[in-house]
$ cat model.csv   # CSV, C-alpha atoms
chain,number,residue,atom,x,y,z
A,1,MET,CA,75.5,106.9,119.5
A,2,ASN,CA,78.7,105.1,118.4
A,3,LEU,CA,79.4,106.1,114.8
A,4,LEU,CA,81.6,103.9,112.7
A,5,ASN,CA,84.8,105.3,111.2
A,6,GLY,CA,86.9,103.4,108.8
A,7,LEU,CA,90.7,102.7,109.0
A,8,ILE,CA,92.8,101.0,106.5
A,9,LEU,CA,96.2,99.8,107.9
A,10,THR,CA,99.0,100.4,105.4
A,11,GLY,CA,101.9,101.2,107.7
A,12,GLY,CA,103.7,97.9,107.5
A,13,HIS,CA,107.1,97.4,106.1
A,14,SER,CA,106.1,94.5,103.9
A,15,ARG,CA,109.3,92.7,104.7
A,16,ARG,CA,108.0,89.2,104.0
A,17,MET,CA,106.4,90.3,100.8
A,18,GLY,CA,109.4,92.3,99.6
A,19,ARG,CA,107.3,95.1,98.2
A,20,ASP,CA,104.7,97.6,99.4
A,21,LYS,CA,101.5,95.5,99.8
A,22,ALA,CA,99.3,98.5,99.7
A,23,LEU,CA,100.4,99.3,96.1
A,24,ILE,CA,100.2,95.7,94.7
A,25,LYS,CA,97.5,95.5,92.0
A,26,PHE,CA,94.9,92.8,92.3
A,27,ASP,CA,92.3,92.6,89.5
A,28,GLY,CA,93.8,95.9,88.1
A,29,VAL,CA,93.3,97.9,91.3
A,30,THR,CA,95.8,98.5,94.1
A,31,LEU,CA,95.0,96.7,97.4
A,32,LEU,CA,94.8,100.2,99.0
A,33,ASP,CA,92.2,101.5,96.6
A,34,ARG,CA,90.3,98.2,96.7
A,35,SER,CA,90.2,98.5,100.5
A,36,VAL,CA,89.0,102.1,100.4
A,37,ASN,CA,86.3,101.3,97.9
A,38,LEU,CA,85.1,98.3,100.1
A,39,ILE,CA,84.9,99.9,103.6
A,40,SER,CA,83.7,103.3,102.5
A,41,LEU,CA,80.3,101.6,101.9
A,42,PHE,CA,80.1,101.0,105.7
A,43,THR,CA,81.7,104.1,107.3
A,44,LYS,CA,80.9,107.8,107.9
A,45,GLN,CA,84.5,108.7,107.3
A,46,LEU,CA,87.6,106.9,106.2
A,47,HIS,CA,91.3,107.2,107.0
A,48,VAL,CA,94.5,105.5,105.9
A,49,SER,CA,97.0,104.6,108.6
A,50,VAL,CA,100.6,105.3,107.7
A,51,ARG,CA,104.1,105.4,109.2
A,52,PRO,CA,105.6,109.0,109.4
A,53,ASP,CA,107.8,108.3,106.4
A,54,GLN,CA,104.8,107.4,104.2
A,55,ILE,CA,102.9,110.7,104.5
A,56,ASP,CA,104.0,111.9,101.1
A,57,GLU,CA,103.6,108.6,99.2
A,58,PRO,CA,101.2,109.7,96.4
A,59,ASN,CA,98.8,106.7,96.6
A,60,ARG,CA,98.3,107.1,100.3
A,61,ALA,CA,98.3,110.9,100.3
A,62,LYS,CA,95.1,111.1,98.2
A,63,TYR,CA,93.2,109.9,101.3
A,64,PRO,CA,92.8,111.4,104.8
A,65,LEU,CA,95.8,110.0,106.8
A,66,ILE,CA,96.4,109.1,110.4
A,67,VAL,CA,100.0,108.8,111.3
A,68,ASP,CA,100.9,105.8,113.4
A,69,GLN,CA,102.2,106.5,116.9
A,70,GLU,CA,105.9,106.4,116.8
A,71,ASN,CA,106.3,104.6,120.1
A,72,ASP,CA,104.4,101.5,119.0
A,73,ASN,CA,105.2,98.9,116.3
A,74,GLY,CA,103.0,96.9,114.0
A,75,PRO,CA,99.3,97.2,113.4
A,76,ILE,CA,98.5,98.1,117.0
A,77,ALA,CA,100.2,101.5,116.3
A,78,GLY,CA,97.6,102.4,113.6
A,79,ILE,CA,94.7,101.1,115.7
A,80,LEU,CA,95.7,103.1,118.8
A,81,SER,CA,96.4,106.2,116.7
A,82,ALA,CA,92.9,106.0,115.3
A,83,GLY,CA,91.6,105.8,118.8
A,84,ASP,CA,93.6,108.9,119.8
A,85,PHE,CA,92.3,110.7,116.7
A,86,GLU,CA,88.7,110.2,117.4
A,87,PRO,CA,88.2,108.1,120.6
A,88,GLU,CA,84.4,108.7,120.9
A,89,ASN,CA,83.6,106.6,117.8
A,90,ALA,CA,84.1,103.0,116.9
A,91,TRP,CA,86.5,102.1,114.1
A,92,LEU,CA,86.1,99.5,111.4
A,93,VAL,CA,89.7,98.5,110.9
A,94,ILE,CA,91.0,96.4,108.0
A,95,ALA,CA,94.5,95.6,106.8
A,96,CYS,CA,95.2,96.7,103.2
A,97,ASP,CA,96.6,93.3,102.3
A,98,MET,CA,93.4,91.2,102.3
A,99,PRO,CA,92.8,90.8,98.5
A,100,TYR,CA,89.7,88.5,99.0
A,101,LEU,CA,87.9,90.6,101.6
A,102,ASP,CA,84.5,91.2,100.2
A,103,LYS,CA,81.4,93.3,100.9
A,104,GLU,CA,79.5,90.4,102.3
A,105,SER,CA,82.2,89.7,104.9
A,106,ILE,CA,82.2,93.4,106.0
A,107,GLU,CA,78.4,93.4,106.1
A,108,GLN,CA,78.5,90.3,108.3
A,109,LEU,CA,80.9,92.0,110.7
A,110,VAL,CA,78.8,95.2,110.9
A,111,LEU,CA,75.5,93.2,111.3
A,112,HIS,CA,77.0,91.2,114.2
A,113,ARG,CA,78.6,94.2,115.8
A,114,ASN,CA,78.2,94.1,119.6
A,115,MET,CA,78.6,97.6,121.0
A,116,ASN,CA,78.6,96.3,124.5
A,117,LYS,CA,81.9,94.5,123.9
A,118,MET,CA,85.4,95.9,123.4
A,119,ALA,CA,85.5,94.7,119.8
A,120,THR,CA,83.7,92.5,117.3
A,121,VAL,CA,86.1,90.2,115.4
A,122,PHE,CA,86.1,87.2,113.2
A,123,GLU,CA,87.5,83.9,114.4
A,124,SER,CA,90.8,83.4,112.6
A,125,PRO,CA,90.3,80.9,109.7
A,126,ASP,CA,93.6,79.1,110.6
A,127,GLY,CA,92.4,78.5,114.2
A,128,SER,CA,95.0,80.8,115.7
A,129,GLY,CA,92.5,82.8,117.7
A,130,VAL,CA,90.9,85.9,116.3
A,131,GLU,CA,91.5,88.1,113.2
A,132,PRO,CA,92.2,91.6,114.7
A,133,LEU,CA,92.9,93.2,111.3
A,134,CYS,CA,89.3,92.9,110.1
A,135,ALA,CA,87.4,94.1,113.1
A,136,ILE,CA,85.3,96.8,114.8
A,137,TYR,CA,87.0,98.4,117.8
A,138,GLU,CA,84.5,100.1,120.1
A,139,PRO,CA,85.3,103.3,122.1
A,140,VAL,CA,85.5,101.3,125.3
A,141,PHE,CA,88.5,99.4,123.8
A,142,PHE,CA,90.5,102.6,123.5
A,143,GLU,CA,89.4,103.8,127.0
A,144,GLU,CA,90.5,100.4,128.4
A,145,VAL,CA,93.9,100.5,126.7
A,146,ARG,CA,94.6,104.1,127.7
A,147,SER,CA,93.8,103.4,131.3
A,148,ASN,CA,95.6,100.0,131.3
A,149,PRO,CA,98.5,100.2,128.8
A,150,GLN,CA,99.9,96.9,130.1
A,151,LEU,CA,97.0,95.2,128.2
A,152,ILE,CA,99.1,95.7,125.0
A,153,HIS,CA,101.0,92.4,124.7
A,154,ASN,CA,104.0,92.3,122.3
A,155,SER,CA,102.5,95.1,120.1
A,156,SER,CA,100.0,92.4,119.0
A,157,PRO,CA,96.3,93.3,118.6
A,158,ARG,CA,95.5,89.5,118.7
A,159,GLU,CA,97.2,89.0,122.0
A,160,THR,CA,95.7,92.3,123.4
A,161,LEU,CA,92.2,91.2,122.4
A,162,ALA,CA,92.7,87.8,124.0
A,163,GLU,CA,92.6,89.6,127.4
A,164,MET,CA,89.4,91.5,126.6
A,165,ASP,CA,85.6,90.9,126.5
A,166,ILE,CA,85.0,90.7,122.7
A,167,GLU,CA,82.4,89.4,120.3
A,168,ILE,CA,83.8,86.6,118.1
A,169,ILE,CA,82.0,85.6,114.9
A,170,LYS,CA,82.7,82.8,112.4
A,171,ALA,CA,83.3,84.1,108.9
A,172,LEU,CA,80.8,82.8,106.3
A,173,ASN,CA,83.7,83.3,103.8
A,174,PRO,CA,87.0,82.4,105.6
A,175,LYS,CA,89.0,83.0,102.4
A,176,ALA,CA,88.0,86.7,102.7
A,177,LEU,CA,90.4,86.9,105.7
A,178,TYR,CA,93.5,85.6,103.9
A,179,SER,CA,96.3,88.1,103.6
A,180,ALA,CA,98.5,88.8,100.6
A,181,ASN,CA,101.3,87.0,102.4
A,182,SER,CA,99.3,83.8,102.2
A,183,SER,CA,98.3,84.4,98.6
A,184,SER,CA,101.3,86.2,97.1
A,185,ASP,CA,101.7,83.8,94.3
A,186,GLU,CA,98.3,84.9,92.9
A,187,LEU,CA,99.0,88.7,93.1
A,188,GLY,CA,100.6,90.7,90.3
$ encode --input "model.csv" --output "C-alpha coordinates"
Amino acid sequence: MNLLNGLILTGGHSRRMGRDKALIKFDGVTLLDRSVNLISLFTKQLHVSVRPDQIDEPNRAKYPLIVDQENDNGPIAGILSAGDFEPENAWLVIACDMPYLDKESIEQLVLHRNMNKMATVFESPDGSGVEPLCAIYEPVFFEEVRSNPQLIHNSSPRETLAEMDIEIIKALNPKALYSANSSSDELG
(Lines of atoms letter the chains of each structure in order from A and count residues from 1; the text may use other names and numbers.)
(Lines give C-alpha, C1' and ligand atoms only; values in the text may rest on other atoms or scores of the structure.)
Protein backbone atom coordinates (compact mmCIF):
# COMPACT_ATOMS: atom_id res chain seq x y z
CA MET A 1 0.00 0.00 0.00
CA ASN A 2 1.25 3.49 -0.83
CA LEU A 3 1.11 5.44 2.41
CA LEU A 4 0.94 9.21 2.23
CA ASN A 5 3.72 11.29 3.80
CA GLY A 6 3.60 15.06 4.02
CA LEU A 7 6.29 17.51 2.93
CA ILE A 8 6.23 21.26 3.32
CA LEU A 9 8.71 23.06 1.08
CA THR A 10 10.43 25.90 2.98
CA GLY A 11 13.89 25.89 1.40
CA GLY A 12 13.44 28.85 -0.92
CA HIS A 13 15.47 32.03 -0.61
CA SER A 14 12.38 34.31 -0.77
CA ARG A 15 14.25 36.75 -3.01
CA ARG A 16 11.13 38.21 -4.63
CA MET A 17 9.38 38.55 -1.28
CA GLY A 18 12.42 40.02 0.48
CA ARG A 19 11.81 38.04 3.68
CA ASP A 20 11.45 34.41 4.72
CA LYS A 21 7.99 33.41 3.50
CA ALA A 22 7.73 30.48 5.90
CA LEU A 23 7.87 32.89 8.85
CA ILE A 24 5.34 35.44 7.59
CA LYS A 25 2.28 35.58 9.79
CA PHE A 26 -1.13 35.28 8.17
CA ASP A 27 -4.15 35.47 10.44
CA GLY A 28 -1.74 35.40 13.41
CA VAL A 29 0.02 32.15 12.43
CA THR A 30 3.22 31.67 10.44
CA LEU A 31 2.72 30.23 6.97
CA LEU A 32 4.89 27.29 8.06
CA ASP A 33 2.76 26.47 11.11
CA ARG A 34 -0.40 26.97 9.08
CA SER A 35 0.87 24.52 6.45
CA VAL A 36 1.82 21.96 9.10
CA ASN A 37 -1.61 22.18 10.72
CA LEU A 38 -3.30 21.79 7.34
CA ILE A 39 -1.58 18.78 5.84
CA SER A 40 -1.02 16.88 9.08
CA LEU A 41 -4.73 16.03 8.81
CA PHE A 42 -4.01 13.98 5.68
CA THR A 43 -0.62 12.36 6.28
CA LYS A 44 0.86 9.59 8.39
CA GLN A 45 4.01 11.62 9.01
CA LEU A 46 5.11 15.11 8.14
CA HIS A 47 8.46 16.68 7.32
CA VAL A 48 9.68 20.15 6.52
CA SER A 49 12.09 20.58 3.62
CA VAL A 50 15.01 22.92 4.34
CA ARG A 51 18.29 24.09 2.85
CA PRO A 52 21.37 22.98 4.83
CA ASP A 53 21.76 26.49 6.29
CA GLN A 54 18.19 26.41 7.70
CA ILE A 55 18.56 23.34 9.92
CA ASP A 56 18.95 25.35 13.12
CA GLU A 57 16.28 27.96 12.36
CA PRO A 58 14.01 27.57 15.43
CA ASN A 59 10.64 27.66 13.66
CA ARG A 60 11.67 24.90 11.28
CA ALA A 61 13.71 22.90 13.80
CA LYS A 62 10.62 22.12 15.89
CA TYR A 63 9.48 19.79 13.09
CA PRO A 64 11.10 16.71 11.51
CA LEU A 65 13.37 18.00 8.73
CA ILE A 66 14.53 16.73 5.38
CA VAL A 67 17.56 18.59 4.05
CA ASP A 68 17.41 19.49 0.37
CA GLN A 69 19.87 17.81 -1.95
CA GLU A 70 22.72 20.22 -2.42
CA ASN A 71 23.18 19.44 -6.11
CA ASP A 72 19.67 20.60 -7.03
CA ASN A 73 18.07 24.02 -6.88
CA GLY A 74 14.54 25.14 -6.21
CA PRO A 75 11.60 23.10 -5.05
CA ILE A 76 12.66 20.03 -7.02
CA ALA A 77 15.51 19.64 -4.49
CA GLY A 78 13.06 19.21 -1.64
CA ILE A 79 10.77 16.90 -3.60
CA LEU A 80 13.63 14.61 -4.66
CA SER A 81 15.12 14.63 -1.16
CA ALA A 82 11.79 13.39 0.21
CA GLY A 83 11.83 10.60 -2.36
CA ASP A 84 15.34 9.65 -1.29
CA PHE A 85 14.31 9.71 2.37
CA GLU A 86 11.37 7.35 1.93
CA PRO A 87 10.96 6.28 -1.72
CA GLU A 88 8.40 3.54 -1.08
CA ASN A 89 5.70 6.01 0.01
CA ALA A 90 3.81 8.73 -1.79
CA TRP A 91 4.35 12.35 -0.71
CA LEU A 92 1.74 15.06 -0.38
CA VAL A 93 3.88 18.11 -1.13
CA ILE A 94 2.90 21.73 -0.55
CA ALA A 95 4.82 24.97 -0.67
CA CYS A 96 4.71 26.89 2.60
CA ASP A 97 3.76 30.10 0.81
CA MET A 98 0.14 29.31 -0.09
CA PRO A 99 -1.80 31.36 2.49
CA TYR A 100 -5.22 30.50 1.04
CA LEU A 101 -4.69 26.76 0.77
CA ASP A 102 -7.53 25.11 2.63
CA LYS A 103 -8.62 21.75 3.97
CA GLU A 104 -11.19 21.33 1.20
CA SER A 105 -8.56 21.73 -1.53
CA ILE A 106 -6.23 19.19 0.07
CA GLU A 107 -9.19 16.87 0.53
CA GLN A 108 -10.06 17.27 -3.16
CA LEU A 109 -6.47 16.39 -4.11
CA VAL A 110 -6.41 13.32 -1.85
CA LEU A 111 -9.83 12.09 -3.02
CA HIS A 112 -8.82 12.37 -6.68
CA ARG A 113 -5.41 10.79 -6.13
CA ASN A 114 -4.54 8.36 -8.91
CA MET A 115 -1.94 5.91 -7.63
CA ASN A 116 -1.50 4.56 -11.17
CA LYS A 117 -0.01 7.85 -12.35
CA MET A 118 3.31 9.52 -11.53
CA ALA A 119 1.57 12.32 -9.64
CA THR A 120 -1.79 13.92 -8.98
CA VAL A 121 -1.73 17.68 -9.46
CA PHE A 122 -4.03 20.62 -9.81
CA GLU A 123 -4.33 22.51 -13.06
CA SER A 124 -2.62 25.85 -12.49
CA PRO A 125 -5.20 28.61 -11.94
CA ASP A 126 -3.28 30.97 -14.24
CA GLY A 127 -3.38 28.51 -17.15
CA SER A 128 0.39 27.95 -17.14
CA GLY A 129 0.18 24.17 -16.90
CA VAL A 130 0.02 22.36 -13.58
CA GLU A 131 0.64 23.38 -9.98
CA PRO A 132 3.48 21.11 -8.83
CA LEU A 133 3.76 22.67 -5.36
CA CYS A 134 0.43 21.31 -4.14
CA ALA A 135 0.53 17.76 -5.40
CA ILE A 136 0.86 14.10 -4.55
CA TYR A 137 4.00 12.44 -5.90
CA GLU A 138 3.77 8.65 -6.15
CA PRO A 139 6.70 6.27 -5.56
CA VAL A 140 6.85 5.60 -9.31
CA PHE A 141 7.69 9.30 -9.84
CA PHE A 142 10.85 8.91 -7.76
CA GLU A 143 11.75 5.61 -9.45
CA GLU A 144 11.37 7.21 -12.88
CA VAL A 145 13.47 10.27 -12.03
CA ARG A 146 16.20 8.12 -10.43
CA SER A 147 16.42 5.91 -13.52
CA ASN A 148 16.08 8.84 -15.98
CA PRO A 149 17.65 11.96 -14.39
CA GLN A 150 17.38 13.76 -17.74
CA LEU A 151 13.64 14.07 -17.01
CA ILE A 152 14.44 16.95 -14.65
CA HIS A 153 14.18 20.08 -16.78
CA ASN A 154 15.66 23.36 -15.52
CA SER A 155 15.21 22.20 -11.89
CA SER A 156 11.49 22.80 -12.51
CA PRO A 157 8.91 20.39 -11.12
CA ARG A 158 6.33 21.84 -13.56
CA GLU A 159 8.53 21.14 -16.60
CA THR A 160 9.47 17.72 -15.24
CA LEU A 161 5.83 16.72 -14.72
CA ALA A 162 4.98 17.90 -18.24
CA GLU A 163 6.96 14.90 -19.53
CA MET A 164 5.13 12.37 -17.34
CA ASP A 165 1.86 10.50 -17.09
CA ILE A 166 0.03 12.51 -14.41
CA GLU A 167 -3.50 12.99 -13.11
CA ILE A 168 -4.60 16.62 -13.50
CA ILE A 169 -7.60 17.95 -11.61
CA LYS A 170 -9.31 21.33 -11.70
CA ALA A 171 -9.34 23.08 -8.32
CA LEU A 172 -12.76 23.83 -6.91
CA ASN A 173 -11.13 26.82 -5.18
CA PRO A 174 -8.43 28.20 -7.53
CA LYS A 175 -7.57 30.96 -5.01
CA ALA A 176 -6.25 28.23 -2.69
CA LEU A 177 -3.31 27.76 -5.04
CA TYR A 178 -2.16 31.40 -5.00
CA SER A 179 1.28 31.92 -3.53
CA ALA A 180 2.37 34.63 -1.11
CA ASN A 181 4.18 36.25 -4.04
CA SER A 182 0.86 36.91 -5.72
CA SER A 183 -0.80 38.12 -2.53
CA SER A 184 2.06 39.78 -0.65
CA ASP A 185 0.15 43.03 -0.22
CA GLU A 186 -2.34 41.18 1.99
CA LEU A 187 0.23 39.49 4.23
CA GLY A 188 1.58 40.98 7.45
$ atom_distance --input "model.csv" --atom1 "CA of Asp68 in chain A" --atom2 "CA of Ala119 in chain A"
20.0 Å
$ closest_residue --input "model.csv" --among "A:Thr120, A:Thr160, A:Asn59, A:Thr30" --to "Ile106 in chain A" --atoms "only C-alpha atoms"
A:Thr120
$ atom_distance --input "model.csv" --atom1 "CA of Met115 in chain A" --atom2 "CA of Pro99 in chain A"
27.5 Å
$ closest_residue --input "model.csv" --among "A:Ser179, A:Asp102, A:Asp84, A:Gly12" --to "Pro52 in chain A" --atoms "only C-alpha atoms"
A:Gly12
$ residues_around --input "model.csv" --residues "Gly6 in chain A" --least-positions-apart "4" --cutoff "7 Å" --atoms "all atoms listed in the file" --output "list in words"
Ile39, Thr43, Gln45, Leu46, His47, Trp91, Leu92 and Val93 of chain A
$ residues_near_point --input "model.csv" --point "(79.4, 96.7, 116.6)" --cutoff "9 Å" --atoms "only C-alpha atoms" --output "JSON, numbers by chain"
{"A": [2, 4, 90, 92, 109, 110, 111, 112, 113, 114, 115, 116, 117, 119, 120, 136, 137, 138, 167]}
$ closest_residue --input "model.csv" --among "A:Asn148, A:Phe26, A:Leu32, A:Ala171" --to "Ala135 in chain A" --atoms "all atoms listed in the file"
A:Ala171
$ atom_distance --input "model.csv" --atom1 "CA of Met164 in chain A" --atom2 "CA of Val67 in chain A"
25.4 Å
$ closest_residue --input "model.csv" --among "A:Ser147, A:Gln54, A:Asn5, A:Ser128" --to "Asp20 in chain A" --atoms "only C-alpha atoms"
A:Gln54
$ closest_residue --input "model.csv" --among "A:Leu7, A:Leu80, A:Leu41, A:Val140" --to "Ile152 in chain A" --atoms "only C-alpha atoms"
A:Leu80
$ residues_around --input "model.csv" --residues "range 96-98 of chain A" --least-positions-apart "5" --cutoff "10 Å" --atoms "only C-alpha atoms" --output "number ranges by chain"
A: 7-12, 14, 20-24, 30-36, 48-49, 133-134, 175-184
$ build_atoms --input "model.csv" --residues "range 98-134 of chain A" --atoms "N, CA and C atoms" --output "PDB file, in the coordinates of the input"
ATOM      1  N   MET A  98      94.357  92.287 102.320  1.00  0.00           N
ATOM      2  CA  MET A  98      93.400  91.200 102.300  1.00  0.00           C
ATOM      3  C   MET A  98      92.680  91.232 100.916  1.00  0.00           C
ATOM      4  N   PRO A  99      93.288  90.649  99.889  1.00  0.00           N
ATOM      5  CA  PRO A  99      92.800  90.800  98.500  1.00  0.00           C
ATOM      6  C   PRO A  99      91.391  90.139  98.320  1.00  0.00           C
ATOM      7  N   TYR A 100      91.012  89.195  99.158  1.00  0.00           N
ATOM      8  CA  TYR A 100      89.700  88.500  99.000  1.00  0.00           C
ATOM      9  C   TYR A 100      88.628  89.026  99.881  1.00  0.00           C
ATOM     10  N   LEU A 101      88.952  90.022 100.696  1.00  0.00           N
ATOM     11  CA  LEU A 101      87.900  90.600 101.600  1.00  0.00           C
ATOM     12  C   LEU A 101      86.803  91.137 100.676  1.00  0.00           C
ATOM     13  N   ASP A 102      85.577  90.857 101.061  1.00  0.00           N
ATOM     14  CA  ASP A 102      84.500  91.200 100.200  1.00  0.00           C
ATOM     15  C   ASP A 102      83.378  91.966 101.018  1.00  0.00           C
ATOM     16  N   LYS A 103      82.478  92.571 100.268  1.00  0.00           N
ATOM     17  CA  LYS A 103      81.400  93.300 100.900  1.00  0.00           C
ATOM     18  C   LYS A 103      80.565  92.497 101.826  1.00  0.00           C
ATOM     19  N   GLU A 104      80.305  91.251 101.462  1.00  0.00           N
ATOM     20  CA  GLU A 104      79.500  90.400 102.300  1.00  0.00           C
ATOM     21  C   GLU A 104      80.143  90.116 103.657  1.00  0.00           C
ATOM     22  N   SER A 105      81.452  89.981 103.673  1.00  0.00           N
ATOM     23  CA  SER A 105      82.200  89.700 104.900  1.00  0.00           C
ATOM     24  C   SER A 105      82.109  90.973 105.835  1.00  0.00           C
ATOM     25  N   ILE A 106      82.325  92.143 105.247  1.00  0.00           N
ATOM     26  CA  ILE A 106      82.200  93.400 106.000  1.00  0.00           C
ATOM     27  C   ILE A 106      80.801  93.564 106.537  1.00  0.00           C
ATOM     28  N   GLU A 107      79.846  93.280 105.689  1.00  0.00           N
ATOM     29  CA  GLU A 107      78.400  93.400 106.100  1.00  0.00           C
ATOM     30  C   GLU A 107      78.139  92.430 107.258  1.00  0.00           C
ATOM     31  N   GLN A 108      78.683  91.223 107.203  1.00  0.00           N
ATOM     32  CA  GLN A 108      78.500  90.300 108.300  1.00  0.00           C
ATOM     33  C   GLN A 108      79.074  90.823 109.591  1.00  0.00           C
ATOM     34  N   LEU A 109      80.264  91.401 109.510  1.00  0.00           N
ATOM     35  CA  LEU A 109      80.900  92.000 110.700  1.00  0.00           C
ATOM     36  C   LEU A 109      80.053  93.117 111.266  1.00  0.00           C
ATOM     37  N   VAL A 110      79.591  94.010 110.405  1.00  0.00           N
ATOM     38  CA  VAL A 110      78.800  95.200 110.900  1.00  0.00           C
ATOM     39  C   VAL A 110      77.457  94.698 111.443  1.00  0.00           C
ATOM     40  N   LEU A 111      76.822  93.731 110.816  1.00  0.00           N
ATOM     41  CA  LEU A 111      75.500  93.200 111.300  1.00  0.00           C
ATOM     42  C   LEU A 111      75.635  92.545 112.660  1.00  0.00           C
ATOM     43  N   HIS A 112      76.780  91.919 112.915  1.00  0.00           N
ATOM     44  CA  HIS A 112      77.000  91.200 114.200  1.00  0.00           C
ATOM     45  C   HIS A 112      77.730  92.041 115.213  1.00  0.00           C
ATOM     46  N   ARG A 113      77.928  93.295 114.912  1.00  0.00           N
ATOM     47  CA  ARG A 113      78.600  94.200 115.800  1.00  0.00           C
ATOM     48  C   ARG A 113      77.928  94.212 117.189  1.00  0.00           C
ATOM     49  N   ASN A 114      78.725  94.058 118.243  1.00  0.00           N
ATOM     50  CA  ASN A 114      78.200  94.100 119.600  1.00  0.00           C
ATOM     51  C   ASN A 114      78.837  95.327 120.278  1.00  0.00           C
ATOM     52  N   MET A 115      78.078  96.402 120.380  1.00  0.00           N
ATOM     53  CA  MET A 115      78.600  97.600 121.000  1.00  0.00           C
ATOM     54  C   MET A 115      78.827  97.540 122.460  1.00  0.00           C
ATOM     55  N   ASN A 116      78.388  96.451 123.081  1.00  0.00           N
ATOM     56  CA  ASN A 116      78.600  96.300 124.500  1.00  0.00           C
ATOM     57  C   ASN A 116      79.899  95.517 124.807  1.00  0.00           C
ATOM     58  N   LYS A 117      80.630  95.175 123.777  1.00  0.00           N
ATOM     59  CA  LYS A 117      81.900  94.500 123.900  1.00  0.00           C
ATOM     60  C   LYS A 117      83.039  95.437 123.519  1.00  0.00           C
ATOM     61  N   MET A 118      84.270  95.054 123.798  1.00  0.00           N
ATOM     62  CA  MET A 118      85.400  95.900 123.400  1.00  0.00           C
ATOM     63  C   MET A 118      85.615  95.930 121.912  1.00  0.00           C
ATOM     64  N   ALA A 119      85.318  94.816 121.260  1.00  0.00           N
ATOM     65  CA  ALA A 119      85.500  94.700 119.800  1.00  0.00           C
ATOM     66  C   ALA A 119      84.650  93.576 119.278  1.00  0.00           C
ATOM     67  N   THR A 120      84.380  93.639 117.994  1.00  0.00           N
ATOM     68  CA  THR A 120      83.700  92.500 117.300  1.00  0.00           C
ATOM     69  C   THR A 120      84.747  92.072 116.239  1.00  0.00           C
ATOM     70  N   VAL A 121      85.066  90.785 116.290  1.00  0.00           N
ATOM     71  CA  VAL A 121      86.100  90.200 115.400  1.00  0.00           C
ATOM     72  C   VAL A 121      85.701  88.900 114.859  1.00  0.00           C
ATOM     73  N   PHE A 122      86.334  88.547 113.762  1.00  0.00           N
ATOM     74  CA  PHE A 122      86.100  87.200 113.200  1.00  0.00           C
ATOM     75  C   PHE A 122      87.066  86.227 113.894  1.00  0.00           C
ATOM     76  N   GLU A 123      86.608  85.006 113.991  1.00  0.00           N
ATOM     77  CA  GLU A 123      87.500  83.900 114.400  1.00  0.00           C
ATOM     78  C   GLU A 123      88.491  83.741 113.241  1.00  0.00           C
ATOM     79  N   SER A 124      89.742  83.551 113.576  1.00  0.00           N
ATOM     80  CA  SER A 124      90.800  83.400 112.600  1.00  0.00           C
ATOM     81  C   SER A 124      90.534  82.093 111.778  1.00  0.00           C
ATOM     82  N   PRO A 125      90.605  82.140 110.444  1.00  0.00           N
ATOM     83  CA  PRO A 125      90.300  80.900 109.700  1.00  0.00           C
ATOM     84  C   PRO A 125      91.358  79.815 109.886  1.00  0.00           C
ATOM     85  N   ASP A 126      92.546  80.172 110.380  1.00  0.00           N
ATOM     86  CA  ASP A 126      93.600  79.100 110.600  1.00  0.00           C
ATOM     87  C   ASP A 126      93.540  78.586 112.030  1.00  0.00           C
ATOM     88  N   GLY A 127      92.543  79.004 112.822  1.00  0.00           N
ATOM     89  CA  GLY A 127      92.400  78.500 114.200  1.00  0.00           C
ATOM     90  C   GLY A 127      93.344  79.081 115.189  1.00  0.00           C
ATOM     91  N   SER A 128      94.023  80.170 114.836  1.00  0.00           N
ATOM     92  CA  SER A 128      95.000  80.800 115.700  1.00  0.00           C
ATOM     93  C   SER A 128      94.436  81.807 116.688  1.00  0.00           C
ATOM     94  N   GLY A 129      93.154  81.859 116.811  1.00  0.00           N
ATOM     95  CA  GLY A 129      92.500  82.800 117.700  1.00  0.00           C
ATOM     96  C   GLY A 129      91.545  83.687 116.951  1.00  0.00           C
ATOM     97  N   VAL A 130      91.769  84.996 116.965  1.00  0.00           N
ATOM     98  CA  VAL A 130      90.900  85.900 116.300  1.00  0.00           C
ATOM     99  C   VAL A 130      91.643  86.676 115.208  1.00  0.00           C
ATOM    100  N   GLU A 131      90.902  87.268 114.283  1.00  0.00           N
ATOM    101  CA  GLU A 131      91.500  88.100 113.200  1.00  0.00           C
ATOM    102  C   GLU A 131      91.312  89.550 113.602  1.00  0.00           C
ATOM    103  N   PRO A 132      92.341  90.177 114.194  1.00  0.00           N
ATOM    104  CA  PRO A 132      92.200  91.600 114.700  1.00  0.00           C
ATOM    105  C   PRO A 132      92.315  92.605 113.566  1.00  0.00           C
ATOM    106  N   LEU A 133      92.666  92.188 112.340  1.00  0.00           N
ATOM    107  CA  LEU A 133      92.900  93.200 111.300  1.00  0.00           C
ATOM    108  C   LEU A 133      91.732  93.257 110.304  1.00  0.00           C
ATOM    109  N   CYS A 134      90.609  92.729 110.725  1.00  0.00           N
ATOM    110  CA  CYS A 134      89.300  92.900 110.100  1.00  0.00           C
ATOM    111  C   CYS A 134      88.323  92.898 111.234  1.00  0.00           C
TER     112      CYS A 134
END
